[in-house]
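Coordinates from model22.txt are shown below (compact mmCIF, C-alpha atoms).
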```
# COMPACT_ATOMS: atom_id res chain seq x y z
CA MET J 1 19.24 -13.55 -6.71
CA THR J 2 16.07 -15.53 -7.30
CA ARG J 3 16.35 -17.53 -4.12
CA PRO J 4 15.81 -14.77 -1.54
CA MET J 5 12.88 -13.52 -3.61
CA SER J 6 11.16 -16.89 -3.60
CA LEU J 7 11.90 -17.43 0.08
CA ASN J 8 10.21 -14.13 0.81
CA PHE J 9 7.19 -15.62 -0.83
CA ILE J 10 7.50 -19.19 0.47
CA ILE J 11 7.84 -18.37 4.18
CA PRO J 12 4.57 -16.39 4.52
CA LEU J 13 2.86 -18.98 2.32
CA THR J 14 3.77 -21.81 4.70
CA PHE J 15 2.44 -19.77 7.60
CA ILE J 16 -0.83 -19.16 5.76
CA ILE J 17 -1.10 -22.91 5.13
CA GLY J 18 -0.37 -23.50 8.81
CA LEU J 19 -3.11 -21.11 9.87
CA GLY J 20 -5.47 -22.81 7.41
CA LEU J 21 -4.69 -26.23 8.88
CA ASP J 22 -5.32 -24.73 12.30
CA LEU J 23 -8.77 -23.51 11.30
CA LEU J 24 -9.89 -26.73 9.60
CA PRO J 25 -12.93 -28.16 11.34
CA TYR J 26 -11.74 -31.17 13.34
CA PRO J 27 -13.97 -33.82 14.90
CA PRO J 28 -13.93 -33.60 18.71
CA TRP J 29 -11.60 -36.60 19.26
CA LEU J 30 -9.09 -35.22 16.77
CA ALA J 31 -9.38 -31.68 18.10
CA VAL J 32 -7.90 -32.87 21.40
CA ILE J 33 -4.67 -33.98 19.73
CA LYS J 34 -4.60 -31.23 17.12
CA PRO J 35 -0.93 -30.35 16.66
CA ASP J 36 0.27 -26.77 16.75
CA TRP J 37 0.97 -26.39 13.02
CA VAL J 38 2.14 -22.82 13.33
CA LEU J 39 4.68 -23.82 15.98
CA LEU J 40 6.13 -26.52 13.70
CA ILE J 41 6.47 -24.09 10.80
CA LEU J 42 7.94 -21.39 13.02
CA PHE J 43 10.38 -23.89 14.50
CA TYR J 44 11.58 -24.91 11.06
CA TRP J 45 12.14 -21.39 9.74
CA CYS J 46 13.81 -20.19 12.94
CA LEU J 47 16.12 -23.16 12.69
CA THR J 48 17.06 -22.84 9.04
CA GLU J 49 16.63 -19.11 8.40
CA PRO J 50 17.24 -17.51 11.79
CA ARG J 51 18.16 -14.21 10.16
CA ARG J 52 14.83 -13.89 8.40
CA VAL J 53 12.49 -15.48 10.89
CA GLY J 54 13.16 -14.52 14.47
CA VAL J 55 11.50 -13.25 17.61
CA GLY J 56 9.70 -10.37 15.90
CA TYR J 57 8.41 -12.58 13.10
CA GLY J 58 7.13 -15.13 15.61
CA TRP J 59 5.41 -12.40 17.60
CA VAL J 60 3.55 -11.08 14.55
CA ILE J 61 2.48 -14.59 13.52
CA GLY J 62 1.30 -15.20 17.08
CA LEU J 63 -0.71 -11.99 16.96
CA VAL J 64 -2.47 -13.23 13.81
CA VAL J 65 -3.23 -16.50 15.65
CA ASP J 66 -4.69 -14.42 18.51
CA LEU J 67 -6.92 -12.52 16.12
CA ILE J 68 -8.08 -15.67 14.36
CA HIS J 69 -8.81 -17.59 17.57
CA TYR J 70 -10.40 -14.64 19.36
CA SER J 71 -8.10 -15.30 22.29
CA LEU J 72 -6.63 -12.72 24.64
CA LEU J 73 -4.61 -10.39 22.40
CA GLY J 74 -0.92 -11.02 23.06
CA GLN J 75 -1.24 -14.53 24.44
CA HIS J 76 -0.21 -16.50 21.36
CA ALA J 77 2.03 -13.63 20.28
CA LEU J 78 4.13 -14.02 23.41
CA GLY J 79 4.05 -17.83 23.20
CA LYS J 80 5.33 -17.80 19.62
CA ALA J 81 7.93 -15.11 20.36
CA PHE J 82 9.22 -17.36 23.13
CA VAL J 83 9.45 -20.35 20.77
CA ALA J 84 11.35 -18.20 18.27
CA LEU J 85 13.71 -16.97 21.00
CA VAL J 86 14.60 -20.52 22.07
CA VAL J 87 15.13 -21.79 18.54
CA VAL J 88 17.02 -18.77 17.22
CA SER J 89 19.37 -18.57 20.17
CA LEU J 90 20.09 -22.31 20.08
CA HIS J 91 19.93 -22.90 16.32
CA HIS J 92 23.63 -23.86 16.05
CA GLN J 93 23.18 -26.67 18.54
CA ILE J 94 19.74 -27.81 17.40
CA ARG J 95 20.92 -28.11 13.80
CA LEU J 96 23.54 -30.64 14.86
CA TYR J 97 21.00 -32.86 16.58
CA HIS J 98 19.37 -35.90 15.09
CA LEU J 99 15.79 -35.52 13.92
CA TRP J 100 14.51 -37.47 16.92
CA GLN J 101 16.55 -35.34 19.28
CA GLN J 102 15.04 -32.29 17.65
CA CYS J 103 11.64 -33.88 18.36
CA LEU J 104 12.54 -33.71 22.02
CA ILE J 105 13.31 -30.00 21.75
CA VAL J 106 9.99 -29.44 19.96
CA PHE J 107 8.29 -31.33 22.75
CA VAL J 108 9.90 -29.25 25.47
CA VAL J 109 9.11 -26.00 23.68
CA ALA J 110 5.51 -27.04 22.98
CA THR J 111 5.02 -28.13 26.59
CA LEU J 112 6.38 -24.84 27.89
CA GLN J 113 4.04 -23.05 25.52
CA VAL J 114 1.01 -25.04 26.74
CA GLY J 115 2.07 -24.32 30.31
CA PHE J 116 2.27 -20.64 29.52
CA TYR J 117 -1.19 -20.59 27.90
CA LEU J 118 -2.59 -22.46 30.88
CA TRP J 119 -1.02 -19.92 33.19
CA ILE J 120 -2.61 -17.03 31.28
CA ASN J 121 -5.97 -18.81 31.29
CA GLN J 122 -5.74 -19.47 34.98
CA LEU J 123 -5.28 -15.79 35.59
CA ALA J 124 -8.03 -14.76 33.19
CA ALA J 125 -10.63 -17.52 33.53
CA ALA J 126 -9.71 -19.95 36.34
CA ALA J 127 -8.79 -22.84 34.06
CA THR J 128 -7.41 -25.97 35.72
CA PHE J 129 -4.78 -28.33 34.39
CA ARG J 130 -6.03 -31.30 32.45
CA ILE J 131 -3.76 -33.93 30.95
CA THR J 132 -5.49 -33.61 27.56
CA TYR J 133 -3.94 -30.17 27.05
CA TRP J 134 -0.62 -31.85 26.90
CA TYR J 135 -1.63 -34.32 24.15
CA ALA J 136 -1.40 -31.52 21.60
CA ALA J 137 2.24 -30.93 22.57
CA LEU J 138 2.88 -34.65 22.13
CA ALA J 139 1.21 -34.69 18.72
CA THR J 140 3.21 -31.63 17.69
CA CYS J 141 6.54 -33.24 18.53
CA LEU J 142 5.60 -36.49 16.79
CA LEU J 143 4.83 -34.56 13.62
CA TRP J 144 8.17 -32.75 13.61
CA PRO J 145 9.97 -35.23 11.27
CA VAL J 146 7.11 -35.00 8.75
CA ALA J 147 7.01 -31.21 8.95
CA TYR J 148 10.78 -30.98 8.72
CA ASN J 149 11.01 -33.12 5.60
CA LEU J 150 8.10 -31.41 3.88
CA LEU J 151 9.41 -27.90 4.56
CA HIS J 152 12.94 -28.98 3.68
CA TRP J 153 11.74 -30.26 0.34
CA LEU J 154 9.80 -27.04 -0.23
CA ARG J 155 12.79 -24.88 0.67
CA HIS J 156 15.10 -26.72 -1.68
CA LYS J 157 12.53 -26.52 -4.46
CA THR J 158 12.95 -22.77 -4.39
CA ARG J 159 16.69 -22.89 -4.72
CA MET E 160 26.67 -15.81 12.23
CA SER E 161 25.78 -12.26 13.01
CA ILE E 162 22.59 -12.75 14.92
CA SER E 163 23.68 -12.40 18.47
CA ARG E 164 21.84 -14.11 21.24
CA SER E 165 21.66 -10.92 23.25
CA SER E 166 19.83 -9.02 20.52
CA ALA E 167 17.21 -11.79 20.36
CA PHE E 168 16.85 -11.60 24.14
CA TYR E 169 16.60 -7.85 24.00
CA ARG E 170 13.88 -8.01 21.37
CA PHE E 171 12.04 -10.69 23.31
CA SER E 172 12.02 -8.79 26.57
CA LEU E 173 10.69 -5.75 24.73
CA LEU E 174 7.90 -7.84 23.19
CA LEU E 175 7.25 -9.47 26.56
CA VAL E 176 6.41 -6.11 28.06
CA VAL E 177 4.31 -5.15 25.03
CA SER E 178 2.42 -8.46 25.11
CA ILE E 179 1.67 -8.30 28.82
CA ALA E 180 0.43 -4.74 28.44
CA MET E 181 -1.76 -5.83 25.52
CA MET E 182 -3.21 -8.75 27.44
CA ILE E 183 -4.08 -6.58 30.40
CA ILE E 184 -5.67 -3.91 28.20
CA ASP E 185 -7.59 -6.56 26.24
CA TYR E 186 -8.81 -8.19 29.45
CA ARG E 187 -9.86 -4.97 31.12
CA SER E 188 -11.16 -2.77 28.33
CA THR E 189 -12.69 -2.68 24.90
CA LEU E 190 -9.84 -0.74 23.33
CA PHE E 191 -8.91 -3.53 20.91
CA HIS E 192 -12.42 -4.21 19.65
CA PRO E 193 -11.76 -2.60 16.26
CA LEU E 194 -8.87 -5.07 15.92
CA ARG E 195 -11.31 -7.85 16.66
CA LEU E 196 -13.33 -6.81 13.65
CA LEU E 197 -10.16 -7.23 11.63
CA GLY E 198 -9.91 -10.68 13.18
CA SER E 199 -13.30 -11.69 11.86
CA GLY E 200 -12.23 -10.43 8.43
CA LEU E 201 -9.09 -12.57 8.63
CA ASN E 202 -11.21 -15.51 9.68
CA ILE E 203 -13.53 -15.14 6.73
CA ALA E 204 -10.54 -14.89 4.37
CA VAL E 205 -8.82 -18.03 5.67
CA GLU E 206 -12.08 -19.96 5.96
CA SER E 207 -13.10 -19.15 2.42
CA ILE E 208 -9.74 -20.41 1.14
CA ILE E 209 -10.13 -23.67 3.07
CA GLY E 210 -13.80 -23.92 2.19
CA LEU E 211 -13.29 -23.42 -1.54
CA PRO E 212 -14.01 -27.07 -2.49
CA LYS E 213 -17.16 -27.04 -0.36
CA ILE E 214 -18.38 -23.76 -1.82
CA ALA E 215 -17.69 -25.05 -5.34
CA THR E 216 -19.71 -28.25 -4.84
CA GLU E 217 -22.50 -26.35 -3.15
CA THR E 218 -22.70 -23.88 -6.01
CA LEU E 219 -22.83 -26.74 -8.51
CA TYR E 220 -25.49 -28.42 -6.44
CA ARG E 221 -27.57 -25.27 -6.43
CA TYR E 222 -27.82 -25.32 -10.23
CA TYR E 223 -29.15 -28.84 -10.09
CA PRO E 224 -32.56 -29.00 -11.90
CA ASP E 225 -34.96 -29.08 -8.97
CA GLU E 226 -33.66 -25.97 -7.30
CA GLN E 227 -37.09 -25.13 -5.97
CA VAL E 228 -37.28 -28.35 -4.00
CA HIS E 229 -33.93 -27.64 -2.39
CA GLN E 230 -34.98 -24.15 -1.45
CA GLU E 231 -38.22 -25.44 -0.01
CA LEU E 232 -36.36 -28.09 1.94
CA ALA E 233 -33.88 -25.58 3.34
CA ARG E 234 -36.72 -23.27 4.31
CA LEU E 235 -38.63 -26.04 6.06
CA GLN E 236 -35.55 -27.27 7.88
CA GLN E 237 -34.93 -23.81 9.24
CA GLN E 238 -38.55 -23.50 10.25
CA GLN E 239 -38.32 -26.86 12.00
CA THR E 240 -35.31 -25.68 13.99
CA ILE E 241 -37.10 -22.53 15.06
CA LEU E 242 -40.30 -24.34 16.02
CA LYS E 243 -38.51 -27.05 17.96
CA THR E 244 -36.63 -24.46 19.94
CA LYS E 245 -39.83 -22.64 20.75
CA LEU E 246 -41.59 -25.87 21.71
CA GLN E 247 -39.16 -26.48 24.57
CA ARG E 248 -40.64 -23.62 26.46
CA TYR E 249 -44.20 -24.96 26.20
CA GLU E 250 -43.05 -28.22 27.70
CA ALA E 251 -41.50 -26.39 30.58
CA LEU E 252 -44.61 -24.31 31.02
CA GLU E 253 -46.82 -27.37 31.16
CA ALA E 254 -44.77 -28.70 34.06
CA GLU E 255 -45.03 -25.32 35.65
CA TYR E 256 -48.81 -25.41 35.59
CA ARG E 257 -48.90 -28.98 36.83
CA ARG E 258 -47.24 -27.85 39.99
CA LEU E 259 -49.71 -24.99 40.17
CA THR E 260 -46.99 -22.49 40.74
CA THR E 261 -48.48 -19.48 39.14
CA LEU E 262 -46.36 -17.06 41.09
CA LEU E 263 -43.99 -16.43 38.27
CA ALA E 264 -42.46 -13.01 38.49
CA VAL E 265 -41.63 -12.64 34.81
CA SER E 266 -44.40 -12.58 32.28
CA GLN E 267 -43.39 -15.02 29.57
CA LYS E 268 -43.71 -13.93 26.00
CA PHE E 269 -43.71 -16.76 23.54
CA ASP E 270 -43.31 -15.02 20.22
CA GLN E 271 -39.85 -13.66 20.73
CA PRO E 272 -37.94 -12.51 17.69
CA VAL E 273 -35.23 -14.99 16.75
CA LEU E 274 -32.24 -15.06 14.47
CA LEU E 275 -30.93 -18.23 12.89
CA ALA E 276 -27.15 -18.44 12.61
CA GLU E 277 -24.90 -21.09 11.21
CA LEU E 278 -22.15 -22.63 13.28
CA ILE E 279 -18.87 -21.95 11.52
CA ARG E 280 -16.57 -23.86 13.81
CA VAL E 281 -15.82 -24.83 17.35
CA GLY E 282 -13.18 -22.67 19.02
CA ALA E 283 -9.66 -24.02 18.59
CA ASP E 284 -8.43 -22.90 22.00
CA PRO E 285 -8.45 -25.94 24.32
CA PHE E 286 -8.80 -23.72 27.39
CA SER E 287 -12.17 -22.33 26.48
CA GLN E 288 -15.47 -23.68 25.24
CA LYS E 289 -16.40 -21.31 22.46
CA ILE E 290 -18.08 -21.55 19.11
CA ILE E 291 -18.09 -19.18 16.18
CA ILE E 292 -21.21 -18.35 14.20
CA ASN E 293 -21.81 -16.53 10.94
CA ARG E 294 -23.83 -13.53 12.16
CA GLY E 295 -22.50 -10.35 13.68
CA VAL E 296 -23.15 -6.63 14.06
CA GLU E 297 -24.86 -6.49 10.67
CA ALA E 298 -27.68 -8.69 12.02
CA GLY E 299 -28.00 -6.84 15.31
CA VAL E 300 -26.24 -9.44 17.42
CA TYR E 301 -25.15 -8.02 20.77
CA VAL E 302 -22.83 -9.13 23.55
CA GLY E 303 -24.74 -11.12 26.15
CA GLN E 304 -27.39 -12.39 23.75
CA PRO E 305 -28.65 -15.89 24.63
CA ALA E 306 -27.88 -18.63 22.10
CA LEU E 307 -29.98 -21.78 21.77
CA ALA E 308 -30.11 -25.01 19.85
CA PRO E 309 -33.31 -26.96 19.17
CA GLN E 310 -32.36 -29.25 22.08
CA GLY E 311 -31.54 -26.60 24.64
CA LEU E 312 -29.43 -23.69 25.75
CA ILE E 313 -25.90 -23.34 24.35
CA GLY E 314 -24.52 -20.15 25.83
CA GLN E 315 -24.28 -16.45 25.18
CA VAL E 316 -22.62 -14.15 22.69
CA SER E 317 -19.35 -12.87 24.09
CA GLU E 318 -17.85 -11.10 21.10
CA VAL E 319 -19.42 -9.58 18.04
CA GLY E 320 -17.59 -9.13 14.77
CA TYR E 321 -18.64 -8.47 11.23
CA HIS E 322 -20.47 -11.56 9.95
CA ARG E 323 -18.88 -13.46 12.82
CA SER E 324 -19.67 -13.75 16.52
CA VAL E 325 -18.17 -15.76 19.31
CA ILE E 326 -20.48 -17.66 21.64
CA THR E 327 -19.18 -18.64 25.05
CA GLN E 328 -20.82 -21.92 25.89
CA ILE E 329 -22.33 -22.67 29.28
CA THR E 330 -19.59 -25.32 29.60
CA ASP E 331 -16.83 -22.66 29.60
CA TYR E 332 -14.92 -22.16 32.85
CA SER E 333 -15.85 -18.54 33.03
CA HIS E 334 -19.58 -19.14 32.59
CA ALA E 335 -22.14 -19.38 35.38
CA LEU E 336 -25.90 -19.62 34.97
CA PRO E 337 -28.89 -19.56 37.33
CA VAL E 338 -31.06 -22.65 36.83
CA GLN E 339 -34.01 -24.47 38.31
CA VAL E 340 -34.76 -28.17 38.67
CA LEU E 341 -37.82 -28.81 36.52
CA ARG E 342 -39.22 -31.50 38.85
CA ASN E 343 -39.47 -29.39 42.00
CA GLY E 344 -38.44 -25.86 41.16
CA LEU E 345 -35.22 -25.96 43.19
CA HIS E 346 -32.97 -23.00 42.34
CA THR E 347 -29.22 -23.21 41.97
CA ILE E 348 -26.30 -21.89 39.94
CA ILE E 349 -24.30 -23.99 37.55
CA HIS E 350 -20.72 -23.50 36.39
CA GLY E 351 -18.97 -24.57 33.23
CA SER E 352 -16.50 -27.42 33.64
CA GLY E 353 -14.15 -26.56 30.78
CA ARG E 354 -15.04 -29.86 29.14
CA ALA E 355 -17.44 -30.33 26.27
CA ASP E 356 -21.07 -30.98 27.31
CA ARG E 357 -20.27 -31.07 31.05
CA ILE E 358 -21.27 -28.65 33.77
CA HIS E 359 -21.07 -28.55 37.56
CA ALA E 360 -23.61 -27.49 40.16
CA PRO E 361 -21.39 -26.74 43.15
CA TYR E 362 -23.78 -24.96 45.51
CA LEU E 363 -26.29 -27.59 46.63
CA PRO E 364 -26.17 -28.94 50.19
CA SER E 365 -26.28 -32.69 50.75
CA GLN E 366 -29.92 -32.67 51.82
CA ALA E 367 -31.06 -31.00 48.59
CA ASP E 368 -33.82 -32.81 46.71
CA ILE E 369 -31.95 -33.64 43.54
CA ARG E 370 -31.27 -36.92 41.78
CA PRO E 371 -29.63 -38.20 38.62
CA GLY E 372 -31.81 -37.66 35.58
CA ASP E 373 -33.30 -34.40 36.83
CA LEU E 374 -33.67 -31.78 34.15
CA LEU E 375 -32.30 -28.30 34.78
CA ILE E 376 -33.97 -25.37 33.04
CA THR E 377 -33.08 -21.68 32.94
CA SER E 378 -34.74 -19.88 35.82
CA GLY E 379 -34.69 -16.42 34.28
CA LEU E 380 -33.05 -14.97 37.36
CA GLY E 381 -30.34 -12.49 36.61
CA GLY E 382 -32.28 -11.30 33.62
CA ARG E 383 -29.87 -12.46 30.95
CA PHE E 384 -31.56 -15.67 29.83
CA PRO E 385 -35.29 -16.12 29.34
CA ALA E 386 -36.83 -18.65 31.73
CA GLY E 387 -37.82 -22.16 30.74
CA TYR E 388 -35.14 -23.33 28.33
CA LYS E 389 -33.65 -26.79 28.82
CA VAL E 390 -30.07 -26.72 30.05
CA ALA E 391 -28.78 -30.07 31.33
CA TYR E 392 -29.56 -33.44 32.86
CA ILE E 393 -27.98 -34.39 36.17
CA THR E 394 -25.68 -37.37 35.64
CA ASP E 395 -23.57 -37.77 38.78
CA ILE E 396 -24.07 -36.79 42.37
CA ILE E 397 -21.20 -37.42 44.76
CA ASP E 398 -21.95 -36.86 48.43
CA ASP E 399 -18.64 -36.43 50.22
CA ALA E 400 -19.18 -36.27 53.98
CA ASN E 401 -16.18 -33.98 54.35
CA GLN E 402 -17.61 -31.39 52.02
CA ALA E 403 -20.37 -28.94 52.72
CA PHE E 404 -21.83 -29.22 49.24
CA LEU E 405 -22.68 -32.01 46.84
CA HIS E 406 -20.41 -32.58 43.89
CA ILE E 407 -22.88 -32.59 41.03
CA THR E 408 -22.08 -33.14 37.38
CA ALA E 409 -24.60 -32.62 34.65
CA GLU E 410 -24.63 -33.21 30.92
CA THR E 411 -25.92 -30.48 28.66
CA VAL E 412 -29.04 -31.21 26.64
CA ALA E 413 -27.60 -29.58 23.52
CA LYS E 414 -24.53 -31.55 22.47
CA ILE E 415 -22.04 -29.36 20.69
CA GLY E 416 -21.02 -32.18 18.34
CA PHE E 417 -24.52 -32.39 16.88
CA ILE E 418 -25.23 -28.73 16.38
CA SER E 419 -25.10 -27.03 13.01
CA GLU E 420 -27.42 -24.10 13.60
CA VAL E 421 -27.77 -21.72 16.49
CA LEU E 422 -30.75 -19.57 17.42
CA LEU E 423 -30.17 -16.18 18.91
CA VAL E 424 -33.11 -14.76 20.85
CA TRP E 425 -33.94 -11.29 21.96
CA GLY E 426 -34.90 -12.53 25.34
CA ALA E 427 -33.59 -10.21 27.99
CA PRO E 428 -36.06 -7.57 29.12
CA ALA E 429 -35.38 -3.84 29.57
CA GLU E 430 -31.99 -3.29 27.98
CA SER E 431 -32.50 -5.64 25.04
CA ALA E 432 -32.20 -4.32 21.53
CA GLN E 433 -35.88 -4.60 20.63
CA SER E 434 -35.63 -2.02 17.92
CA VAL E 435 -33.52 -4.31 15.80
CA THR E 436 -35.67 -6.42 13.55
CA PRO E 437 -33.96 -9.74 13.12
CA THR E 438 -34.24 -11.62 9.90
CA SER E 439 -35.07 -15.29 10.27
CA GLN E 440 -34.51 -16.19 6.67
```
Hey, can you dump this file as structure tokens for me?
Amino acid sequence: MTRPMSLNFIIPLTFIIGLGLDLLPYPPWLAVIKPDWVLLILFYWCLTEPRRVGVGYGWVIGLVVDLIHYSLLGQHALGKAFVALVVVSLHHQIRLYHLWQQCLIVFVVATLQVGFYLWINQLAAAATFRITYWYAALATCLLWPVAYNLLHWLRHKTR
Amino acid sequence: MSISRSSAFYRFSLLLVVSIAMMIIDYRSTLFHPLRLLGSGLNIAVESIIGLPKIATETLYRYYPDEQVHQELARLQQQQTILKTKLQRYEALEAEYRRLTTLLAVSQKFDQPVLLAELIRVGADPFSQKIIINRGVEAGVYVGQPALAPQGLIGQVSEVGYHRSVITQITDYSHALPVQVLRNGLHTIIHGSGRADRIHAPYLPSQADIRPGDLLITSGLGGRFPAGYKVAYITDIIDDANQAFLHITAETVAKIGFISEVLLVWGAPAESAQSVTPTSQ
């Protein structure tokens, strides 16, 4: 009975840490490749606890990201809900993959997300595609093994 | 496993509609502004958790014996920032008189009220060039207020929260600004490039008298920014024979990487909030 209790506490905590990492002041060169921490954390929980963390959870987390980044309300919410949808509906398959194969999925999801944000920004503010936007997706997928192992360790700590 | 794929899809399509509706409302109206205030509260909460080590060391430092010296130093540094910003305009004015163009429509006031704000962080969204500062409604900050650095113009306030405001930089895609070439008074409009410290001047014909190194200053047209502040130096001019206009790139005078304090001025005439007395502590 203790495990669900502590998971209820651990999952929001990891998201708070993720949001904190997101808000850390980065130097300009690092800001370009800043990984999407929240996406990594969401990916992990959707993969391992799809019953707890799903589309709705992702949407709410995305809404908090919107509020914190002063972006168009609903933009990150929809992006994160989409990530959750992909991972939750494919979690059986993704779990069977190797860590590096999972990296590929993270990369695809992160790229789609960047594409979606770009699309929104094109409609709202005439943004144009720049290859640097895509670096963040690359950095995110490269960090997946680290994030996975850290969160895995954390999750099994609470057992 | 009981979570069916279709229920996830159902939930997603519901949230898709909700999100799109929210984005449209947020883009078109001010309905969600109270939520934005909540956003600045969230920001302060998360920032203070991250900034705990910094706050701790700063507090310790403050109790260091020669507290008075530190206070004096901080005061003088702030004063320096304010004076340097004001000085820019005198430089511009000198050039103005040299050219003997006294036909200036706007009467320039030099003792404008100013408000010193601290830069909290640079916006995390890669699609926009925004910065966040530590003053908001409580200090009388308003949407559209010009923001300056000691070097030159930064941008304008686009969102006001409680103890937090968002400044859209002149380098943002969505930002355009009427400017003047300091050397000869040539008027044009510049656009943000979406990249840090870079702007474009897309509306000058190929015979325009402009060259690399020219300084662009605010012209005061449009009424939003006071005239005479430094904006950018022309770096590249590409003259493509197939295009009607020159492709001009300029580099902003105020580099965002070197800014720690931002000055907000009550510059705009008529509708400006003159009744608010800003504190320049």
Checklist entry - Neighbours of stretch 235-245 of chain E within 12 Å (only C-alpha atoms; same-chain residues fewer than 6 positions away dropped), as a PyMOL selection string? => result chain E and resi 228-229+251-252+268-277+306-313+385+387-389+413+418-424+439-440
Next on the checklist: Would you mind listing, as number ranges by chain, all residues of chain E that have at least one atom within 9 Å of chain J, where only C-alpha atoms are what counts?
Outcome noted: E: 160-165, 167-168, 170-171, 174-175, 177-186, 191, 194-202, 205-206, 208-210, 279-287, 318, 325, 331-333, 352-353, 355, 416
Expected file contents, prior selection, C-alpha atoms, as a compact mmCIF listing (two decimals), in the frame of the given file:
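Once everything was written out, this is again-v6.txt:
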```txt
# COMPACT_ATOMS: atom_id res chain seq x y z
CA MET E 160 26.67 -15.81 12.23
CA SER E 161 25.78 -12.26 13.01
CA ILE E 162 22.59 -12.75 14.92
CA SER E 163 23.68 -12.40 18.47
CA ARG E 164 21.84 -14.11 21.24
CA SER E 165 21.66 -10.92 23.25
CA ALA E 167 17.21 -11.79 20.36
CA PHE E 168 16.85 -11.60 24.14
CA ARG E 170 13.88 -8.01 21.37
CA PHE E 171 12.04 -10.69 23.31
CA LEU E 174 7.90 -7.84 23.19
CA LEU E 175 7.25 -9.47 26.56
CA VAL E 177 4.31 -5.15 25.03
CA SER E 178 2.42 -8.46 25.11
CA ILE E 179 1.67 -8.30 28.82
CA ALA E 180 0.43 -4.74 28.44
CA MET E 181 -1.76 -5.83 25.52
CA MET E 182 -3.21 -8.75 27.44
CA ILE E 183 -4.08 -6.58 30.40
CA ILE E 184 -5.67 -3.91 28.20
CA ASP E 185 -7.59 -6.56 26.24
CA TYR E 186 -8.81 -8.19 29.45
CA PHE E 191 -8.91 -3.53 20.91
CA LEU E 194 -8.87 -5.07 15.92
CA ARG E 195 -11.31 -7.85 16.66
CA LEU E 196 -13.33 -6.81 13.65
CA LEU E 197 -10.16 -7.23 11.63
CA GLY E 198 -9.91 -10.68 13.18
CA SER E 199 -13.30 -11.69 11.86
CA GLY E 200 -12.23 -10.43 8.43
CA LEU E 201 -9.09 -12.57 8.63
CA ASN E 202 -11.21 -15.51 9.68
CA VAL E 205 -8.82 -18.03 5.67
CA GLU E 206 -12.08 -19.96 5.96
CA ILE E 208 -9.74 -20.41 1.14
CA ILE E 209 -10.13 -23.67 3.07
CA GLY E 210 -13.80 -23.92 2.19
CA ILE E 279 -18.87 -21.95 11.52
CA ARG E 280 -16.57 -23.86 13.81
CA VAL E 281 -15.82 -24.83 17.35
CA GLY E 282 -13.18 -22.67 19.02
CA ALA E 283 -9.66 -24.02 18.59
CA ASP E 284 -8.43 -22.90 22.00
CA PRO E 285 -8.45 -25.94 24.32
CA PHE E 286 -8.80 -23.72 27.39
CA SER E 287 -12.17 -22.33 26.48
CA GLU E 318 -17.85 -11.10 21.10
CA VAL E 325 -18.17 -15.76 19.31
CA ASP E 331 -16.83 -22.66 29.60
CA TYR E 332 -14.92 -22.16 32.85
CA SER E 333 -15.85 -18.54 33.03
CA SER E 352 -16.50 -27.42 33.64
CA GLY E 353 -14.15 -26.56 30.78
CA ALA E 355 -17.44 -30.33 26.27
CA GLY E 416 -21.02 -32.18 18.34
```
Next on the checklist: What does the structure give for the distance between atom CA of E:Leu363 and atom CA of E:Val340, in Å to one decimal?
Outcome noted: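 Separation between atom CA of E:Leu363 and atom CA of E:Val340: 11.6 Å.
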Checklist entry - Can you list, as a ChimeraX atom specification, every protein, DNA or RNA residue that comes within 6 Å of E:Leu341 when you count all atoms listed in the file, leaving out same-chain residues fewer than 3 positions away? => result /E:344,374-375
Checklist entry - Just how far from atom CA of E:Tyr249 is atom CA of E:Pro371, in Å to one decimal? => result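 Atom-to-atom, atom CA of E:Pro371 to atom CA of E:Tyr249, that is 23.3 Å.
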Checklist entry - Could you name the residues that touch J:Leu104 at 12 Å or less, counting all atoms listed in the file, but leaving out those on the same chain fewer than 3 positions away, as a PyMOL selection string? => result chain J and resi 94+97-101+107-111+137-145
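Across the structure, atom CA of J:Leu7 and atom CA of E:Ile203 are spaced 26.4 Å apart.
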Item to check | Spatial neighbours of J:Leu42, 9 Å, only C-alpha atoms, chain gap at least 3 places, as a PyMOL selection string | outcome: chain J and resi 15+37-39+45-47+53-54+57-58+61+80+83-84
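Closest approach to J:Leu154 among J:Leu13, J:Ile131, J:Leu123, J:Val60: J:Leu13, based on all atoms listed in the file.
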